[in-house]
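Shown below: entry32.cif, with mmCIF, N, CA and C atoms and all ligand atoms.
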```
data_work
loop_
_atom_site.label_atom_id
_atom_site.label_comp_id
_atom_site.auth_asym_id
_atom_site.auth_seq_id
_atom_site.Cartn_x
_atom_site.Cartn_y
_atom_site.Cartn_z
N MET A 1 -28.33 -6.97 -15.64
CA MET A 1 -27.86 -7.32 -16.97
C MET A 1 -28.50 -8.63 -17.41
N ALA A 2 -28.98 -8.65 -18.62
CA ALA A 2 -29.60 -9.87 -19.15
C ALA A 2 -28.52 -10.91 -19.41
N PRO A 3 -28.85 -12.18 -19.19
CA PRO A 3 -27.84 -13.22 -19.47
C PRO A 3 -27.50 -13.23 -20.95
N LYS A 4 -26.25 -13.55 -21.24
CA LYS A 4 -25.81 -13.55 -22.63
C LYS A 4 -26.54 -14.64 -23.41
N TYR A 5 -26.95 -14.28 -24.61
CA TYR A 5 -27.64 -15.26 -25.46
C TYR A 5 -26.66 -15.87 -26.45
N HIS A 6 -26.53 -17.18 -26.40
CA HIS A 6 -25.71 -17.89 -27.38
C HIS A 6 -26.66 -18.54 -28.38
N PRO A 7 -26.58 -18.13 -29.67
CA PRO A 7 -27.47 -18.74 -30.66
C PRO A 7 -27.26 -20.26 -30.71
N THR A 8 -28.35 -20.99 -30.72
CA THR A 8 -28.25 -22.46 -30.72
C THR A 8 -27.77 -22.95 -32.09
N PRO A 9 -26.64 -23.67 -32.12
CA PRO A 9 -26.18 -24.21 -33.41
C PRO A 9 -27.16 -25.26 -33.93
N LEU A 10 -27.17 -25.40 -35.23
CA LEU A 10 -28.12 -26.33 -35.83
C LEU A 10 -27.73 -27.79 -35.61
N SER A 11 -26.45 -28.09 -35.71
CA SER A 11 -26.06 -29.50 -35.59
C SER A 11 -25.97 -29.93 -34.13
N GLY A 12 -26.30 -31.15 -33.86
CA GLY A 12 -26.28 -31.69 -32.50
C GLY A 12 -24.89 -31.68 -31.90
N GLY A 13 -23.90 -31.99 -32.74
CA GLY A 13 -22.51 -32.01 -32.27
C GLY A 13 -22.07 -30.62 -31.84
N ASP A 14 -22.46 -29.59 -32.59
CA ASP A 14 -22.09 -28.20 -32.27
C ASP A 14 -22.80 -27.74 -31.00
N ARG A 15 -24.09 -28.19 -30.85
CA ARG A 15 -24.84 -27.83 -29.63
C ARG A 15 -24.14 -28.41 -28.40
N LYS A 16 -23.73 -29.67 -28.52
CA LYS A 16 -23.05 -30.35 -27.43
C LYS A 16 -21.72 -29.64 -27.11
N ALA A 17 -21.00 -29.26 -28.18
CA ALA A 17 -19.71 -28.58 -28.00
C ALA A 17 -19.92 -27.22 -27.34
N LEU A 18 -21.00 -26.50 -27.76
CA LEU A 18 -21.28 -25.19 -27.18
C LEU A 18 -21.62 -25.33 -25.68
N THR A 19 -22.45 -26.29 -25.34
CA THR A 19 -22.82 -26.53 -23.94
C THR A 19 -21.56 -26.81 -23.11
N LYS A 20 -20.66 -27.61 -23.67
CA LYS A 20 -19.41 -27.97 -22.98
C LYS A 20 -18.54 -26.72 -22.78
N GLU A 21 -18.46 -25.89 -23.84
CA GLU A 21 -17.63 -24.67 -23.76
C GLU A 21 -18.18 -23.69 -22.73
N ILE A 22 -19.50 -23.56 -22.68
CA ILE A 22 -20.12 -22.64 -21.71
C ILE A 22 -19.86 -23.13 -20.29
N ALA A 23 -20.00 -24.45 -20.07
CA ALA A 23 -19.74 -25.01 -18.73
C ALA A 23 -18.27 -24.79 -18.35
N LYS A 24 -17.38 -24.98 -19.31
CA LYS A 24 -15.95 -24.80 -19.07
C LYS A 24 -15.65 -23.34 -18.71
N SER A 25 -16.29 -22.44 -19.47
CA SER A 25 -16.08 -21.00 -19.25
C SER A 25 -16.57 -20.59 -17.86
N ARG A 26 -17.75 -21.13 -17.46
CA ARG A 26 -18.27 -20.80 -16.13
C ARG A 26 -17.35 -21.32 -15.03
N ALA A 27 -16.79 -22.49 -15.23
CA ALA A 27 -15.85 -23.04 -14.24
C ALA A 27 -14.59 -22.19 -14.16
N MET A 28 -14.14 -21.70 -15.31
CA MET A 28 -12.93 -20.87 -15.35
C MET A 28 -13.12 -19.56 -14.59
N THR A 29 -14.34 -19.04 -14.60
CA THR A 29 -14.64 -17.78 -13.89
C THR A 29 -14.16 -17.87 -12.44
N GLY A 30 -14.57 -18.94 -11.76
CA GLY A 30 -14.19 -19.11 -10.36
C GLY A 30 -12.70 -19.34 -10.19
N ILE A 31 -12.14 -20.17 -11.06
CA ILE A 31 -10.71 -20.49 -10.96
C ILE A 31 -9.87 -19.23 -11.15
N LEU A 32 -10.22 -18.43 -12.17
CA LEU A 32 -9.44 -17.22 -12.46
C LEU A 32 -9.59 -16.19 -11.35
N ALA A 33 -10.82 -16.07 -10.80
CA ALA A 33 -11.04 -15.12 -9.71
C ALA A 33 -10.23 -15.52 -8.48
N GLU A 34 -10.18 -16.83 -8.22
CA GLU A 34 -9.40 -17.34 -7.09
C GLU A 34 -7.91 -17.05 -7.29
N ARG A 35 -7.42 -17.28 -8.52
CA ARG A 35 -6.01 -17.01 -8.81
C ARG A 35 -5.70 -15.53 -8.68
N SER A 36 -6.64 -14.70 -9.11
CA SER A 36 -6.47 -13.25 -8.99
C SER A 36 -6.33 -12.85 -7.52
N GLU A 37 -7.23 -13.40 -6.68
CA GLU A 37 -7.17 -13.12 -5.23
C GLU A 37 -5.83 -13.54 -4.65
N GLU A 38 -5.39 -14.73 -5.04
CA GLU A 38 -4.12 -15.27 -4.53
C GLU A 38 -2.95 -14.36 -4.94
N LYS A 39 -2.92 -13.98 -6.22
CA LYS A 39 -1.84 -13.11 -6.71
C LYS A 39 -1.86 -11.76 -5.98
N ARG A 40 -3.09 -11.26 -5.73
CA ARG A 40 -3.22 -9.98 -5.03
C ARG A 40 -2.67 -10.09 -3.61
N ARG A 41 -2.99 -11.21 -2.93
CA ARG A 41 -2.46 -11.43 -1.57
C ARG A 41 -0.94 -11.46 -1.59
N VAL A 42 -0.38 -12.22 -2.55
CA VAL A 42 1.08 -12.33 -2.66
C VAL A 42 1.67 -10.96 -2.97
N GLY A 43 1.03 -10.23 -3.90
CA GLY A 43 1.51 -8.91 -4.28
C GLY A 43 1.49 -7.93 -3.12
N GLU A 44 0.40 -7.96 -2.35
CA GLU A 44 0.29 -7.05 -1.21
C GLU A 44 1.34 -7.37 -0.16
N ALA A 45 1.63 -8.68 0.02
CA ALA A 45 2.67 -9.08 0.97
C ALA A 45 4.03 -8.58 0.50
N LEU A 46 4.27 -8.66 -0.82
CA LEU A 46 5.54 -8.18 -1.38
C LEU A 46 5.66 -6.67 -1.24
N ILE A 47 4.57 -5.95 -1.48
CA ILE A 47 4.57 -4.49 -1.34
C ILE A 47 4.86 -4.12 0.12
N ARG A 48 4.22 -4.87 1.05
CA ARG A 48 4.44 -4.61 2.47
C ARG A 48 5.92 -4.81 2.82
N GLU A 49 6.49 -5.89 2.25
CA GLU A 49 7.90 -6.17 2.49
C GLU A 49 8.78 -5.08 1.89
N ALA A 50 8.45 -4.64 0.68
CA ALA A 50 9.21 -3.57 0.02
C ALA A 50 9.12 -2.27 0.83
N ASP A 51 7.93 -1.95 1.34
CA ASP A 51 7.75 -0.75 2.15
C ASP A 51 8.57 -0.86 3.44
N ASN A 52 8.56 -2.06 4.03
CA ASN A 52 9.32 -2.28 5.25
C ASN A 52 10.82 -2.07 4.98
N LEU A 53 11.32 -2.62 3.88
CA LEU A 53 12.74 -2.48 3.55
C LEU A 53 13.10 -1.02 3.25
N ALA A 54 12.20 -0.31 2.56
CA ALA A 54 12.46 1.10 2.26
C ALA A 54 12.58 1.90 3.55
N CYS A 55 11.71 1.58 4.52
CA CYS A 55 11.75 2.28 5.81
C CYS A 55 13.02 1.92 6.58
N GLN A 56 13.38 0.63 6.56
CA GLN A 56 14.60 0.21 7.25
C GLN A 56 15.81 0.92 6.65
N SER A 57 15.84 0.99 5.31
CA SER A 57 16.96 1.64 4.62
C SER A 57 17.05 3.11 5.04
N TRP A 58 15.88 3.77 5.05
CA TRP A 58 15.85 5.20 5.42
C TRP A 58 16.28 5.39 6.87
N ASN A 59 15.79 4.48 7.73
CA ASN A 59 16.16 4.55 9.15
C ASN A 59 17.67 4.40 9.33
N GLU A 60 18.27 3.45 8.58
CA GLU A 60 19.72 3.23 8.68
C GLU A 60 20.47 4.48 8.21
N LYS A 61 20.00 5.07 7.11
CA LYS A 61 20.65 6.27 6.57
C LYS A 61 20.57 7.41 7.58
N MET A 62 19.38 7.58 8.16
CA MET A 62 19.21 8.66 9.13
C MET A 62 20.04 8.42 10.40
N TRP A 63 20.15 7.14 10.80
CA TRP A 63 20.90 6.83 12.00
C TRP A 63 22.41 6.98 11.76
N SER A 64 22.90 6.46 10.61
CA SER A 64 24.35 6.46 10.38
C SER A 64 24.87 7.83 9.99
N ASP A 65 24.16 8.53 9.11
CA ASP A 65 24.68 9.80 8.59
C ASP A 65 23.81 11.00 8.95
N GLY A 66 22.67 10.76 9.49
CA GLY A 66 21.77 11.86 9.84
C GLY A 66 21.10 12.48 8.64
N GLY A 67 21.24 11.89 7.49
CA GLY A 67 20.58 12.41 6.29
C GLY A 67 21.37 12.09 5.04
N PRO A 68 21.08 12.59 3.88
CA PRO A 68 19.94 13.47 3.64
C PRO A 68 18.60 12.74 3.81
N ALA A 69 17.62 13.46 4.30
CA ALA A 69 16.31 12.87 4.56
C ALA A 69 15.55 12.60 3.27
N GLN A 70 15.99 13.26 2.22
CA GLN A 70 15.31 13.15 0.93
C GLN A 70 16.09 12.22 0.01
N PRO A 71 15.51 11.26 -0.70
CA PRO A 71 14.09 10.90 -0.69
C PRO A 71 13.76 10.04 0.54
N SER A 72 12.52 10.03 0.91
CA SER A 72 12.09 9.24 2.05
C SER A 72 10.84 8.46 1.70
N PRO A 73 10.56 7.40 2.46
CA PRO A 73 9.30 6.67 2.24
C PRO A 73 8.11 7.59 2.50
N THR A 74 6.98 7.24 1.94
CA THR A 74 5.77 8.05 2.19
C THR A 74 5.13 7.61 3.51
N ILE A 75 4.20 8.42 3.98
CA ILE A 75 3.47 8.08 5.20
C ILE A 75 2.78 6.73 5.02
N GLY A 76 2.17 6.53 3.86
CA GLY A 76 1.46 5.27 3.57
C GLY A 76 2.40 4.08 3.57
N GLN A 77 3.59 4.26 2.97
CA GLN A 77 4.57 3.18 2.94
C GLN A 77 5.05 2.84 4.35
N ALA A 78 5.27 3.86 5.15
CA ALA A 78 5.75 3.64 6.52
C ALA A 78 4.71 2.87 7.33
N ILE A 79 3.46 3.27 7.21
CA ILE A 79 2.41 2.58 7.97
C ILE A 79 2.25 1.15 7.46
N ASN A 80 2.22 1.00 6.11
CA ASN A 80 2.07 -0.33 5.51
C ASN A 80 3.26 -1.23 5.82
N GLY A 81 4.45 -0.64 5.91
CA GLY A 81 5.67 -1.40 6.16
C GLY A 81 5.90 -1.71 7.62
N GLY A 82 5.00 -1.29 8.49
CA GLY A 82 5.13 -1.64 9.91
C GLY A 82 5.90 -0.61 10.72
N PHE A 83 5.97 0.62 10.22
CA PHE A 83 6.62 1.70 10.97
C PHE A 83 5.62 2.84 11.18
N PRO A 84 4.64 2.64 12.04
CA PRO A 84 3.59 3.67 12.20
C PRO A 84 4.03 4.88 13.02
N TRP A 85 5.19 4.80 13.65
CA TRP A 85 5.66 5.92 14.47
C TRP A 85 6.90 6.55 13.85
N LEU A 86 6.94 7.86 13.84
CA LEU A 86 8.10 8.60 13.36
C LEU A 86 8.73 9.31 14.55
N GLU A 87 10.03 9.03 14.74
CA GLU A 87 10.72 9.71 15.82
C GLU A 87 11.26 11.03 15.28
N VAL A 88 10.89 12.12 15.90
CA VAL A 88 11.30 13.44 15.41
C VAL A 88 11.90 14.27 16.54
N LYS A 89 12.72 15.20 16.11
CA LYS A 89 13.24 16.19 17.05
C LYS A 89 12.55 17.49 16.71
N CYS A 90 12.05 18.16 17.70
CA CYS A 90 11.39 19.44 17.50
C CYS A 90 12.39 20.39 16.81
N SER A 91 11.92 21.06 15.74
CA SER A 91 12.83 21.92 14.99
C SER A 91 13.22 23.17 15.79
N ARG A 92 12.52 23.43 16.88
CA ARG A 92 12.83 24.62 17.67
C ARG A 92 13.70 24.31 18.88
N CYS A 93 13.23 23.35 19.72
CA CYS A 93 13.95 23.11 20.97
C CYS A 93 14.73 21.80 20.96
N ARG A 94 14.69 21.04 19.86
CA ARG A 94 15.44 19.79 19.69
C ARG A 94 14.98 18.68 20.63
N THR A 95 13.79 18.78 21.21
CA THR A 95 13.27 17.72 22.05
C THR A 95 12.79 16.57 21.17
N SER A 96 13.15 15.33 21.55
CA SER A 96 12.70 14.15 20.78
C SER A 96 11.31 13.75 21.19
N SER A 97 10.54 13.31 20.19
CA SER A 97 9.22 12.76 20.49
C SER A 97 8.82 11.83 19.35
N SER A 98 7.82 11.02 19.60
CA SER A 98 7.32 10.11 18.57
C SER A 98 5.98 10.60 18.06
N VAL A 99 5.83 10.53 16.73
CA VAL A 99 4.61 11.01 16.11
C VAL A 99 3.87 9.82 15.49
N ASP A 100 2.59 9.70 15.76
CA ASP A 100 1.75 8.66 15.17
C ASP A 100 1.42 9.09 13.74
N LEU A 101 2.02 8.40 12.77
CA LEU A 101 1.83 8.79 11.37
C LEU A 101 0.36 8.66 10.93
N ALA A 102 -0.35 7.70 11.51
CA ALA A 102 -1.75 7.51 11.14
C ALA A 102 -2.61 8.69 11.59
N ALA A 103 -2.14 9.40 12.62
CA ALA A 103 -2.93 10.50 13.15
C ALA A 103 -2.63 11.82 12.44
N ILE A 104 -1.59 11.82 11.58
CA ILE A 104 -1.23 13.05 10.87
C ILE A 104 -2.23 13.31 9.75
N ASN A 105 -2.68 14.54 9.67
CA ASN A 105 -3.69 14.89 8.69
C ASN A 105 -3.05 15.28 7.36
N ARG A 106 -2.46 14.27 6.71
CA ARG A 106 -1.80 14.48 5.41
C ARG A 106 -2.12 13.30 4.51
N PRO A 107 -2.07 13.50 3.17
CA PRO A 107 -2.31 12.36 2.27
C PRO A 107 -1.25 11.28 2.47
N ALA A 108 -1.64 10.02 2.24
CA ALA A 108 -0.73 8.88 2.47
C ALA A 108 0.49 8.92 1.56
N ASP A 109 0.41 9.66 0.43
CA ASP A 109 1.57 9.68 -0.47
C ASP A 109 2.53 10.83 -0.16
N THR A 110 2.36 11.45 0.99
CA THR A 110 3.29 12.50 1.41
C THR A 110 4.58 11.87 1.91
N PRO A 111 5.74 12.23 1.31
CA PRO A 111 6.99 11.68 1.83
C PRO A 111 7.23 12.16 3.26
N VAL A 112 7.77 11.26 4.07
CA VAL A 112 7.97 11.54 5.49
C VAL A 112 8.87 12.77 5.70
N HIS A 113 9.85 12.97 4.80
CA HIS A 113 10.78 14.08 5.01
C HIS A 113 10.10 15.46 4.91
N LEU A 114 8.94 15.48 4.23
CA LEU A 114 8.22 16.76 4.12
C LEU A 114 7.61 17.21 5.44
N LEU A 115 7.55 16.27 6.40
CA LEU A 115 7.00 16.61 7.71
C LEU A 115 8.03 17.38 8.54
N GLU A 116 9.28 17.24 8.11
CA GLU A 116 10.39 17.89 8.80
C GLU A 116 10.15 19.40 8.89
N GLY A 117 10.37 19.94 10.03
CA GLY A 117 10.23 21.38 10.17
C GLY A 117 8.80 21.82 10.45
N ARG A 118 7.84 20.92 10.18
CA ARG A 118 6.45 21.28 10.45
C ARG A 118 5.98 20.68 11.77
N LEU A 119 6.83 19.81 12.30
CA LEU A 119 6.44 19.13 13.54
C LEU A 119 7.14 19.79 14.72
N ASN A 120 6.41 20.51 15.50
CA ASN A 120 6.95 21.10 16.72
C ASN A 120 6.35 20.38 17.91
N CYS A 121 7.10 20.36 19.02
CA CYS A 121 6.56 19.73 20.22
C CYS A 121 5.42 20.59 20.77
N ARG A 122 4.67 20.00 21.70
CA ARG A 122 3.50 20.72 22.24
C ARG A 122 3.87 22.06 22.84
N LYS A 123 5.01 22.04 23.55
CA LYS A 123 5.47 23.27 24.23
C LYS A 123 5.70 24.39 23.20
N CYS A 124 6.39 24.05 22.11
CA CYS A 124 6.72 25.05 21.10
C CYS A 124 5.49 25.46 20.30
N LYS A 125 4.55 24.54 20.11
CA LYS A 125 3.31 24.88 19.41
C LYS A 125 2.54 25.95 20.18
N LYS A 126 2.54 25.77 21.52
CA LYS A 126 1.84 26.74 22.38
C LYS A 126 2.56 28.09 22.36
N ALA A 127 3.90 28.04 22.31
CA ALA A 127 4.70 29.25 22.38
C ALA A 127 4.55 30.14 21.16
N LYS A 128 4.11 29.55 20.03
CA LYS A 128 3.96 30.30 18.79
C LYS A 128 3.05 31.51 18.91
ZN ZN A 201 9.97 22.20 20.87
#
```
Before we go any further, please render this structure as C-alpha cells.
Ligand SMILES: [Zn+2]
Amino acid sequence: MAPKYHPTPLSGGDRKALTKEIAKSRAMTGILAERSEEKRRVGEALIREADNLACQSWNEKMWSDGGPAQPSPTIGQAINGGFPWLEVKCSRCRTSSSVDLAAINRPADTPVHLLEGRLNCRKCKKAK
C-alpha cells in the first residue's frame, strides 16, 4: 500500500500543525494497539473465568441432582475453563471413566450434554 498523501497546506502555520497532527496520529497507533492488546488479555481472562464458573455450576448441578444435563457448557468452554476431562458413565454398563475432551472429534461449540449416550466404554464399543 502506498503511504497516504497529505496535501501540503500553503501557510506555514498549517504545515506545522499538519506535521504535528501526523506525528500525534502515528504515536496514537501504538498506544491504541497496546490498549487493544491489554483489553483483549483482560477479556480473555474474564471469558476463561466465566467458562470456569459455568463448568463449576454444571458440575454442582450434576453432583447434587444428577441433572438435567441440559443446558451444559460446550467442549470449548470446558477446556478453556480448566475442565479438560469429562467424567462419564457408560450408557450400557454404567462403568465410570474419564474422557479427554480435547481428544473428542467434535466442534468446540458442541454442548457437553450432547456427548451423553454416545460415549461407551472400550468394552461396550467392542461388544457392538
Ligand atoms: Zn460399557
*With distances taken over only N, CA and C atoms, which of A:Val112, A:Val42, A:Ala50, A:Ala23 is nearest to Asn80 of chain A?*
A:Ala50
*Given a cut-off of 8 Å, what residues near ligand ZN 201 (chain A) show up using all atoms listed in the file, put as a ChimeraX atom specification?*
/A:89-96,119-125
Let me see the file: selected residues, N, CA and C atoms, as a PDB file, in the coordinates of the input.
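And here is the file that came out, part.pdb:
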```
ATOM      1  N   LYS A  89      12.720  15.200  16.110  1.00  0.00           N
ATOM      2  CA  LYS A  89      13.240  16.190  17.050  1.00  0.00           C
ATOM      3  C   LYS A  89      12.550  17.490  16.710  1.00  0.00           C
ATOM      4  N   CYS A  90      12.050  18.160  17.700  1.00  0.00           N
ATOM      5  CA  CYS A  90      11.390  19.440  17.500  1.00  0.00           C
ATOM      6  C   CYS A  90      12.390  20.390  16.810  1.00  0.00           C
ATOM      7  N   SER A  91      11.920  21.060  15.740  1.00  0.00           N
ATOM      8  CA  SER A  91      12.830  21.920  14.990  1.00  0.00           C
ATOM      9  C   SER A  91      13.220  23.170  15.790  1.00  0.00           C
ATOM     10  N   ARG A  92      12.520  23.430  16.880  1.00  0.00           N
ATOM     11  CA  ARG A  92      12.830  24.620  17.670  1.00  0.00           C
ATOM     12  C   ARG A  92      13.700  24.310  18.880  1.00  0.00           C
ATOM     13  N   CYS A  93      13.230  23.350  19.720  1.00  0.00           N
ATOM     14  CA  CYS A  93      13.950  23.110  20.970  1.00  0.00           C
ATOM     15  C   CYS A  93      14.730  21.800  20.960  1.00  0.00           C
ATOM     16  N   ARG A  94      14.690  21.040  19.860  1.00  0.00           N
ATOM     17  CA  ARG A  94      15.440  19.790  19.690  1.00  0.00           C
ATOM     18  C   ARG A  94      14.980  18.680  20.630  1.00  0.00           C
ATOM     19  N   THR A  95      13.790  18.780  21.210  1.00  0.00           N
ATOM     20  CA  THR A  95      13.270  17.720  22.050  1.00  0.00           C
ATOM     21  C   THR A  95      12.790  16.570  21.170  1.00  0.00           C
ATOM     22  N   SER A  96      13.150  15.330  21.550  1.00  0.00           N
ATOM     23  CA  SER A  96      12.700  14.150  20.780  1.00  0.00           C
ATOM     24  C   SER A  96      11.310  13.750  21.190  1.00  0.00           C
ATOM     25  N   LEU A 119       6.830  19.810  12.300  1.00  0.00           N
ATOM     26  CA  LEU A 119       6.440  19.130  13.540  1.00  0.00           C
ATOM     27  C   LEU A 119       7.140  19.790  14.720  1.00  0.00           C
ATOM     28  N   ASN A 120       6.410  20.510  15.500  1.00  0.00           N
ATOM     29  CA  ASN A 120       6.950  21.100  16.720  1.00  0.00           C
ATOM     30  C   ASN A 120       6.350  20.380  17.910  1.00  0.00           C
ATOM     31  N   CYS A 121       7.100  20.360  19.020  1.00  0.00           N
ATOM     32  CA  CYS A 121       6.560  19.730  20.220  1.00  0.00           C
ATOM     33  C   CYS A 121       5.420  20.590  20.770  1.00  0.00           C
ATOM     34  N   ARG A 122       4.670  20.000  21.700  1.00  0.00           N
ATOM     35  CA  ARG A 122       3.500  20.720  22.240  1.00  0.00           C
ATOM     36  C   ARG A 122       3.870  22.060  22.840  1.00  0.00           C
ATOM     37  N   LYS A 123       5.010  22.040  23.550  1.00  0.00           N
ATOM     38  CA  LYS A 123       5.470  23.270  24.230  1.00  0.00           C
ATOM     39  C   LYS A 123       5.700  24.390  23.200  1.00  0.00           C
ATOM     40  N   CYS A 124       6.390  24.050  22.110  1.00  0.00           N
ATOM     41  CA  CYS A 124       6.720  25.050  21.100  1.00  0.00           C
ATOM     42  C   CYS A 124       5.490  25.460  20.300  1.00  0.00           C
ATOM     43  N   LYS A 125       4.550  24.540  20.110  1.00  0.00           N
ATOM     44  CA  LYS A 125       3.310  24.880  19.410  1.00  0.00           C
ATOM     45  C   LYS A 125       2.540  25.950  20.180  1.00  0.00           C
TER      46      LYS A 125
END
```
*atom N of Met1 of chain A and atom CA of Ile22 of chain A are how many Å apart?*
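Here the two named atoms are 18.7 Å from each other.
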*asked:* Going by DSSP on the backbone, which residues of segment 4-128 of chain A come out as helix (DSSP H, G or I)? List them as a PyMOL selection string.
replied: chain A and resi 12-65+75-80+101-103+112-115+122-127
_Show me, as an MDAnalysis selection string, the residues that have an atom within 8 Å of Gly82 of chain A when counting only N, CA and C atoms, minus same-chain residues fewer than 5 positions from it._
chainID A and resid 48:49 51:53 76:77
Write the residues of the selection above to a file with N, CA and C atoms, as an mmCIF file, keeping the file's coordinate frame.
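Now in out.cif:
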```cif
data_model
loop_
_atom_site.group_PDB
_atom_site.id
_atom_site.type_symbol
_atom_site.label_atom_id
_atom_site.label_comp_id
_atom_site.auth_asym_id
_atom_site.auth_seq_id
_atom_site.Cartn_x
_atom_site.Cartn_y
_atom_site.Cartn_z
ATOM 1 N N ARG A 48 4.220 -4.870 1.050
ATOM 2 C CA ARG A 48 4.440 -4.610 2.470
ATOM 3 C C ARG A 48 5.920 -4.810 2.820
ATOM 4 N N GLU A 49 6.490 -5.890 2.250
ATOM 5 C CA GLU A 49 7.900 -6.170 2.490
ATOM 6 C C GLU A 49 8.780 -5.080 1.890
ATOM 7 N N ASP A 51 7.930 -1.950 1.340
ATOM 8 C CA ASP A 51 7.750 -0.750 2.150
ATOM 9 C C ASP A 51 8.570 -0.860 3.440
ATOM 10 N N ASN A 52 8.560 -2.060 4.030
ATOM 11 C CA ASN A 52 9.320 -2.280 5.250
ATOM 12 C C ASN A 52 10.820 -2.070 4.980
ATOM 13 N N LEU A 53 11.320 -2.620 3.880
ATOM 14 C CA LEU A 53 12.740 -2.480 3.550
ATOM 15 C C LEU A 53 13.100 -1.020 3.250
ATOM 16 N N GLY A 76 2.170 6.530 3.860
ATOM 17 C CA GLY A 76 1.460 5.270 3.570
ATOM 18 C C GLY A 76 2.400 4.080 3.570
ATOM 19 N N GLN A 77 3.590 4.260 2.970
ATOM 20 C CA GLN A 77 4.570 3.180 2.940
ATOM 21 C C GLN A 77 5.050 2.840 4.350
#
```
*Give me every strand (DSSP E) residue in segment 19-117 of chain A, going by DSSP on the backbone, as a list in words.*
Trp85, Leu86, Glu87, Val88, Lys89, Ser96, Ser97, Ser98, Val99 and Asp100 of chain A
*Which residue, A:Gly67, A:Asn59, A:Ser36, A:Leu101, has the smallest gap to Ile79 of chain A when you use all atoms listed in the file?*
A:Leu101
